[in-house]
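One file, query_18.pdb, is given below (PDB, C-alpha atoms, pLDDT in the B column).
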ATOM      1  CA  MET L  26     -69.883  83.075 -44.067  1.00 45.00           C
ATOM      2  CA  LYS L  27     -66.442  82.940 -45.618  1.00 51.00           C
ATOM      3  CA  VAL L  28     -64.978  86.288 -46.703  1.00 51.00           C
ATOM      4  CA  CYS L  29     -62.853  84.944 -49.585  1.00 56.00           C
ATOM      5  CA  ASN L  30     -59.320  85.632 -48.382  1.00 56.00           C
ATOM      6  CA  ALA L  31     -60.172  89.138 -47.169  1.00 55.00           C
ATOM      7  CA  LYS L  32     -58.405  88.715 -43.828  1.00 63.00           C
ATOM      8  CA  ASN L  33     -55.241  87.774 -45.668  1.00 67.00           C
ATOM      9  CA  CYS L  34     -55.489  90.616 -48.196  1.00 70.00           C
ATOM     10  CA  ARG L  35     -52.477  92.875 -48.028  1.00 76.00           C
ATOM     11  CA  HIS L  36     -53.733  95.145 -50.814  1.00 81.00           C
ATOM     12  CA  PHE L  37     -56.776  97.433 -50.879  1.00 85.00           C
ATOM     13  CA  GLY L  38     -57.808  96.538 -54.428  1.00 86.00           C
ATOM     14  CA  PRO L  39     -58.997  92.953 -53.920  1.00 85.00           C
ATOM     15  CA  LEU L  40     -60.749  93.818 -50.657  1.00 87.00           C
ATOM     16  CA  MET L  41     -62.497  96.830 -52.209  1.00 89.00           C
ATOM     17  CA  GLY L  42     -63.449  94.684 -55.187  1.00 88.00           C
ATOM     18  CA  TYR L  43     -64.877  92.044 -52.870  1.00 89.00           C
ATOM     19  CA  CYS L  44     -66.936  94.639 -50.952  1.00 90.00           C
ATOM     20  CA  ASP L  45     -68.196  96.147 -54.218  1.00 89.00           C
ATOM     21  CA  HIS L  46     -69.179  92.698 -55.469  1.00 90.00           C
ATOM     22  CA  GLN L  47     -71.059  91.932 -52.237  1.00 92.00           C
ATOM     23  CA  VAL L  48     -72.936  95.254 -52.362  1.00 91.00           C
ATOM     24  CA  HIS L  49     -73.960  94.655 -55.986  1.00 86.00           C
ATOM     25  CA  LYS L  50     -75.053  91.109 -55.180  1.00 90.00           C
ATOM     26  CA  LEU L  51     -77.225  92.338 -52.301  1.00 90.00           C
ATOM     27  CA  MET L  52     -78.628  95.200 -54.390  1.00 87.00           C
ATOM     28  CA  ASP L  53     -79.442  92.792 -57.232  1.00 85.00           C
ATOM     29  CA  LEU L  54     -81.247  90.504 -54.811  1.00 88.00           C
ATOM     30  CA  LYS L  55     -83.301  93.329 -53.282  1.00 86.00           C
ATOM     31  CA  LEU L  56     -84.112  94.961 -56.642  1.00 83.00           C
ATOM     32  CA  ARG L  57     -84.950  91.709 -58.446  1.00 83.00           C
ATOM     33  CA  SER L  58     -88.665  92.004 -57.604  1.00 80.00           C
ATOM     34  CA  MET L  59     -88.770  95.288 -59.549  1.00 82.00           C
ATOM     35  CA  ASP L  60     -86.780  93.935 -62.507  1.00 85.00           C
ATOM     36  CA  VAL L  61     -84.335  96.868 -62.186  1.00 87.00           C
ATOM     37  CA  SER L  62     -80.545  96.598 -62.050  1.00 84.00           C
ATOM     38  CA  PRO L  63     -78.362  98.717 -59.743  1.00 80.00           C
ATOM     39  CA  MET L  64     -77.133 100.695 -62.781  1.00 88.00           C
ATOM     40  CA  GLN L  65     -80.708 101.352 -63.899  1.00 91.00           C
ATOM     41  CA  SER L  66     -81.501 102.465 -60.354  1.00 88.00           C
ATOM     42  CA  ARG L  67     -78.602 104.923 -60.481  1.00 89.00           C
ATOM     43  CA  VAL L  68     -80.139 106.432 -63.615  1.00 93.00           C
ATOM     44  CA  LEU L  69     -83.525 106.733 -61.907  1.00 93.00           C
ATOM     45  CA  GLY L  70     -81.885 108.445 -58.936  1.00 92.00           C
ATOM     46  CA  PHE L  71     -79.965 110.847 -61.152  1.00 95.00           C
ATOM     47  CA  LEU L  72     -83.111 111.784 -63.052  1.00 95.00           C
ATOM     48  CA  TYR L  73     -85.108 112.153 -59.845  1.00 94.00           C
ATOM     49  CA  HIS L  74     -82.652 114.674 -58.396  1.00 93.00           C
ATOM     50  CA  ALA L  75     -81.750 116.459 -61.630  1.00 93.00           C
ATOM     51  CA  GLU L  76     -82.688 120.073 -62.096  1.00 89.00           C
ATOM     52  CA  GLY L  77     -83.735 120.911 -65.632  1.00 87.00           C
ATOM     53  CA  ASP L  78     -83.499 118.739 -68.720  1.00 89.00           C
ATOM     54  CA  VAL L  79     -81.215 115.706 -68.737  1.00 92.00           C
ATOM     55  CA  ASN L  80     -79.859 114.332 -71.979  1.00 90.00           C
ATOM     56  CA  GLN L  81     -78.120 111.022 -72.564  1.00 90.00           C
ATOM     57  CA  ARG L  82     -74.729 112.768 -72.676  1.00 90.00           C
ATOM     58  CA  ALA L  83     -75.220 113.889 -69.052  1.00 92.00           C
ATOM     59  CA  LEU L  84     -75.990 110.271 -68.131  1.00 93.00           C
ATOM     60  CA  GLU L  85     -72.800 109.080 -69.878  1.00 92.00           C
ATOM     61  CA  GLN L  86     -70.758 111.508 -67.822  1.00 92.00           C
ATOM     62  CA  TYR L  87     -72.521 110.659 -64.574  1.00 93.00           C
ATOM     63  CA  LEU L  88     -72.241 106.893 -65.035  1.00 92.00           C
ATOM     64  CA  MET L  89     -68.800 107.113 -66.700  1.00 90.00           C
ATOM     65  CA  VAL L  90     -69.795 104.667 -69.443  1.00 92.00           C
ATOM     66  CA  LYS L  91     -69.911 104.629 -73.240  1.00 94.00           C
ATOM     67  CA  PRO L  92     -72.826 106.097 -75.221  1.00 91.00           C
ATOM     68  CA  SER L  93     -73.876 102.605 -76.348  1.00 93.00           C
ATOM     69  CA  THR L  94     -74.095 101.444 -72.719  1.00 94.00           C
ATOM     70  CA  VAL L  95     -76.267 104.419 -71.745  1.00 93.00           C
ATOM     71  CA  ASN L  96     -78.444 103.844 -74.797  1.00 93.00           C
ATOM     72  CA  GLY L  97     -79.043 100.233 -73.710  1.00 95.00           C
ATOM     73  CA  ILE L  98     -79.853 101.220 -70.126  1.00 95.00           C
ATOM     74  CA  VAL L  99     -82.199 103.990 -71.243  1.00 95.00           C
ATOM     75  CA  SER L 100     -83.895 101.720 -73.793  1.00 95.00           C
ATOM     76  CA  ARG L 101     -84.605  99.067 -71.144  1.00 95.00           C
ATOM     77  CA  LEU L 102     -85.948 101.659 -68.694  1.00 96.00           C
ATOM     78  CA  GLU L 103     -88.138 103.085 -71.459  1.00 96.00           C
ATOM     79  CA  GLU L 104     -89.482  99.603 -72.294  1.00 95.00           C
ATOM     80  CA  LYS L 105     -90.411  99.170 -68.625  1.00 94.00           C
ATOM     81  CA  GLY L 106     -92.290 102.484 -68.647  1.00 95.00           C
ATOM     82  CA  LEU L 107     -89.980 104.084 -66.069  1.00 95.00           C
ATOM     83  CA  ILE L 108     -88.663 106.877 -68.312  1.00 96.00           C
ATOM     84  CA  THR L 109     -89.465 108.664 -71.544  1.00 95.00           C
ATOM     85  CA  ARG L 110     -87.186 110.061 -74.228  1.00 93.00           C
ATOM     86  CA  THR L 111     -88.211 113.096 -76.244  1.00 90.00           C
ATOM     87  CA  ALA L 112     -86.447 115.341 -78.711  1.00 84.00           C
ATOM     88  CA  SER L 113     -85.014 118.536 -77.256  1.00 79.00           C
ATOM     89  CA  ALA L 114     -86.833 121.737 -78.212  1.00 80.00           C
ATOM     90  CA  GLN L 115     -83.455 123.425 -78.776  1.00 81.00           C
ATOM     91  CA  ASP L 116     -81.771 120.598 -80.707  1.00 78.00           C
ATOM     92  CA  GLY L 117     -83.854 117.860 -82.315  1.00 73.00           C
ATOM     93  CA  ARG L 118     -80.823 115.531 -82.421  1.00 78.00           C
ATOM     94  CA  CYS L 119     -80.577 115.629 -78.623  1.00 82.00           C
ATOM     95  CA  ARG L 120     -82.833 113.305 -76.610  1.00 86.00           C
ATOM     96  CA  ILE L 121     -84.197 114.475 -73.249  1.00 92.00           C
ATOM     97  CA  VAL L 122     -84.689 111.718 -70.673  1.00 94.00           C
ATOM     98  CA  GLN L 123     -87.388 112.093 -67.991  1.00 94.00           C
ATOM     99  CA  LEU L 124     -88.917 109.952 -65.266  1.00 95.00           C
ATOM    100  CA  THR L 125     -92.481 108.766 -65.609  1.00 95.00           C
ATOM    101  CA  GLU L 126     -94.745 108.556 -62.567  1.00 94.00           C
ATOM    102  CA  GLN L 127     -94.000 104.825 -62.450  1.00 94.00           C
ATOM    103  CA  GLY L 128     -90.274 105.728 -62.488  1.00 93.00           C
ATOM    104  CA  ARG L 129     -90.771 108.018 -59.484  1.00 92.00           C
ATOM    105  CA  VAL L 130     -92.447 105.199 -57.548  1.00 90.00           C
ATOM    106  CA  CYS L 131     -89.614 102.853 -58.521  1.00 88.00           C
ATOM    107  CA  HIS L 132     -87.067 105.433 -57.329  1.00 87.00           C
ATOM    108  CA  GLN L 133     -88.750 105.559 -53.913  1.00 87.00           C
ATOM    109  CA  HIS L 134     -88.415 101.781 -53.618  1.00 87.00           C
ATOM    110  CA  PHE L 135     -84.773 102.099 -54.662  1.00 86.00           C
ATOM    111  CA  LYS L 136     -84.169 104.643 -51.873  1.00 88.00           C
ATOM    112  CA  ASP L 137     -85.605 102.147 -49.394  1.00 89.00           C
ATOM    113  CA  VAL L 138     -83.284  99.417 -50.717  1.00 89.00           C
ATOM    114  CA  ILE L 139     -80.272 101.755 -50.463  1.00 88.00           C
ATOM    115  CA  ALA L 140     -81.184 102.498 -46.839  1.00 92.00           C
ATOM    116  CA  GLN L 141     -81.412  98.757 -46.078  1.00 93.00           C
ATOM    117  CA  VAL L 142     -78.078  97.953 -47.766  1.00 92.00           C
ATOM    118  CA  THR L 143     -76.379 100.939 -46.127  1.00 93.00           C
ATOM    119  CA  ALA L 144     -77.642  99.876 -42.702  1.00 95.00           C
ATOM    120  CA  GLN L 145     -76.276  96.381 -43.287  1.00 95.00           C
ATOM    121  CA  MET L 146     -72.886  97.739 -44.425  1.00 95.00           C
ATOM    122  CA  GLU L 147     -72.610 100.107 -41.456  1.00 96.00           C
ATOM    123  CA  GLN L 148     -73.709  97.553 -38.874  1.00 97.00           C
ATOM    124  CA  GLY L 149     -71.380  97.606 -35.866  1.00 97.00           C
ATOM    125  CA  PHE L 150     -69.577 100.829 -36.855  1.00 97.00           C
ATOM    126  CA  SER L 151     -69.585 103.885 -34.615  1.00 97.00           C
ATOM    127  CA  ASP L 152     -70.311 107.292 -36.164  1.00 96.00           C
ATOM    128  CA  GLU L 153     -66.611 108.141 -35.835  1.00 97.00           C
ATOM    129  CA  GLU L 154     -65.580 104.932 -37.597  1.00 97.00           C
ATOM    130  CA  LYS L 155     -68.056 105.559 -40.414  1.00 96.00           C
ATOM    131  CA  GLU L 156     -66.698 109.069 -40.920  1.00 97.00           C
ATOM    132  CA  LEU L 157     -63.105 107.819 -40.841  1.00 97.00           C
ATOM    133  CA  LEU L 158     -63.851 105.101 -43.407  1.00 95.00           C
ATOM    134  CA  ARG L 159     -65.679 107.612 -45.596  1.00 95.00           C
ATOM    135  CA  SER L 160     -62.743 110.030 -45.524  1.00 96.00           C
ATOM    136  CA  LEU L 161     -60.256 107.246 -46.278  1.00 94.00           C
ATOM    137  CA  LEU L 162     -62.316 105.975 -49.211  1.00 93.00           C
ATOM    138  CA  LEU L 163     -62.580 109.532 -50.565  1.00 93.00           C
ATOM    139  CA  ARG L 164     -58.789 109.730 -50.421  1.00 93.00           C
ATOM    140  CA  VAL L 165     -58.477 106.438 -52.305  1.00 92.00           C
ATOM    141  CA  ALA L 166     -60.972 107.716 -54.904  1.00 89.00           C
ATOM    142  CA  ALA L 167     -59.035 110.980 -55.285  1.00 92.00           C
ATOM    143  CA  ASN L 168     -55.768 109.063 -55.689  1.00 90.00           C
ATOM    144  CA  LEU L 169     -57.274 106.886 -58.393  1.00 88.00           C
ATOM    145  CA  THR L 170     -58.968 109.806 -60.151  1.00 86.00           C
ATOM    146  CA  ASP L 171     -55.754 111.837 -60.224  1.00 69.00           C
ATOM    147  CA  ASN L 172     -53.875 108.848 -61.601  1.00 57.00           C
ATOM    148  CA  ALA L 173     -56.531 108.083 -64.239  1.00 54.00           C
ATOM    149  CA  GLU L 174     -56.484 111.688 -65.474  1.00 52.00           C
ATOM    150  CA  GLU L 175     -52.667 111.635 -65.755  1.00 53.00           C
ATOM    151  CA  GLU L 176     -52.819 108.370 -67.749  1.00 54.00           C
ATOM    152  CA  THR L 177     -55.285 109.746 -70.308  1.00 51.00           C
ATOM    153  CA  GLN L 178     -53.414 112.965 -71.040  1.00 48.00           C
ATOM    154  CA  PRO L 179     -51.264 112.980 -74.204  1.00 49.00           C
TER     155      PRO L 179
END

Kindly return the structure encoded in the file as structure tokens.
Amino acid sequence: MKVCNAKNCRHFGPLMGYCDHQVHKLMDLKLRSMDVSPMQSRVLGFLYHAEGDVNQRALEQYLMVKPSTVNGIVSRLEEKGLITRTASAQDGRCRIVQLTEQGRVCHQHFKDVIAQVTAQMEQGFSDEEKELLRSLLLRVAANLTDNAEEETQP
């Protein structure tokens, strides 16, 4: 297997992008039998662990995507019978999103896929190495988040 030019990468960005692409490709392959995308699986996971009502606005914030993107994801999950949307009792304009029983079963399969992909990613790493990588990636994420917030301020 050829790892693009990863060994020659002098910058984190392309290497992180390559790893992200490979994870998504593997997730797509493993989720294909369920006809669920990784993004749809993230929604199922969020709903599964959520406490209380979840509206589409909460999903926008969690996924960090536009309302139209969330609407498309939710519509496809609803068509597949994995979630339902109902009007909020407090505000009829607000739509509450909930898992169906079929969505709960799908989420369990997704957890199994995550465990398989995680095991493959962590293969050959010691516990100390995994913790070091995790802490370094959290630092990269914090650096990027801080920078993104500075860029969006007037």

Which residues of stretch 33-123 of chain L come within 12 Å of stretch 155-165 of chain L, and for each one, what is the closest pair of atoms and their distance in Å to one decimal, counting only C-alpha atoms, sorted by chain and residue number, as a tab-separated table?
residue	atom	partner	partner_atom	distance
L:Phe37	CA	L:Val165	CA	9.3
L:Gly38	CA	L:Val165	CA	10.1
L:Met41	CA	L:Leu162	CA	9.6

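With all atoms listed in the file as the basis for measurement, L:His74 is the residue among L:Arg110, L:His74, L:Arg118, L:Lys105 that approaches L:His132 most closely.
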
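From atom CA of L:Ala166 back to atom CA of L:Ser66, the distance works out to 21.9 Å.
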
Q. Skipping near chain neighbours, those fewer than 4 positions away, what residues fall within 12 Å of stretch 81-90 of chain L using only C-alpha atoms, listed as a PyMOL selection string?
A. chain L and resi 63-72+75-77+94-100+109-113+118-123

As an mmCIF file with C-alpha atoms, keeping the file's coordinate frame, please: the residues near L:Gln141 (cut-off 10 Å, only C-alpha atoms, same-chain neighbours under 6 positions excluded).
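Contents of around_9.cif, as written:
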data_model
loop_
_atom_site.group_PDB
_atom_site.id
_atom_site.type_symbol
_atom_site.label_atom_id
_atom_site.label_comp_id
_atom_site.auth_asym_id
_atom_site.auth_seq_id
_atom_site.Cartn_x
_atom_site.Cartn_y
_atom_site.Cartn_z
ATOM 1 C CA LEU L 51 -77.225 92.338 -52.301
ATOM 2 C CA MET L 52 -78.628 95.200 -54.390
ATOM 3 C CA LYS L 55 -83.301 93.329 -53.282
ATOM 4 C CA PHE L 135 -84.773 102.099 -54.662
#
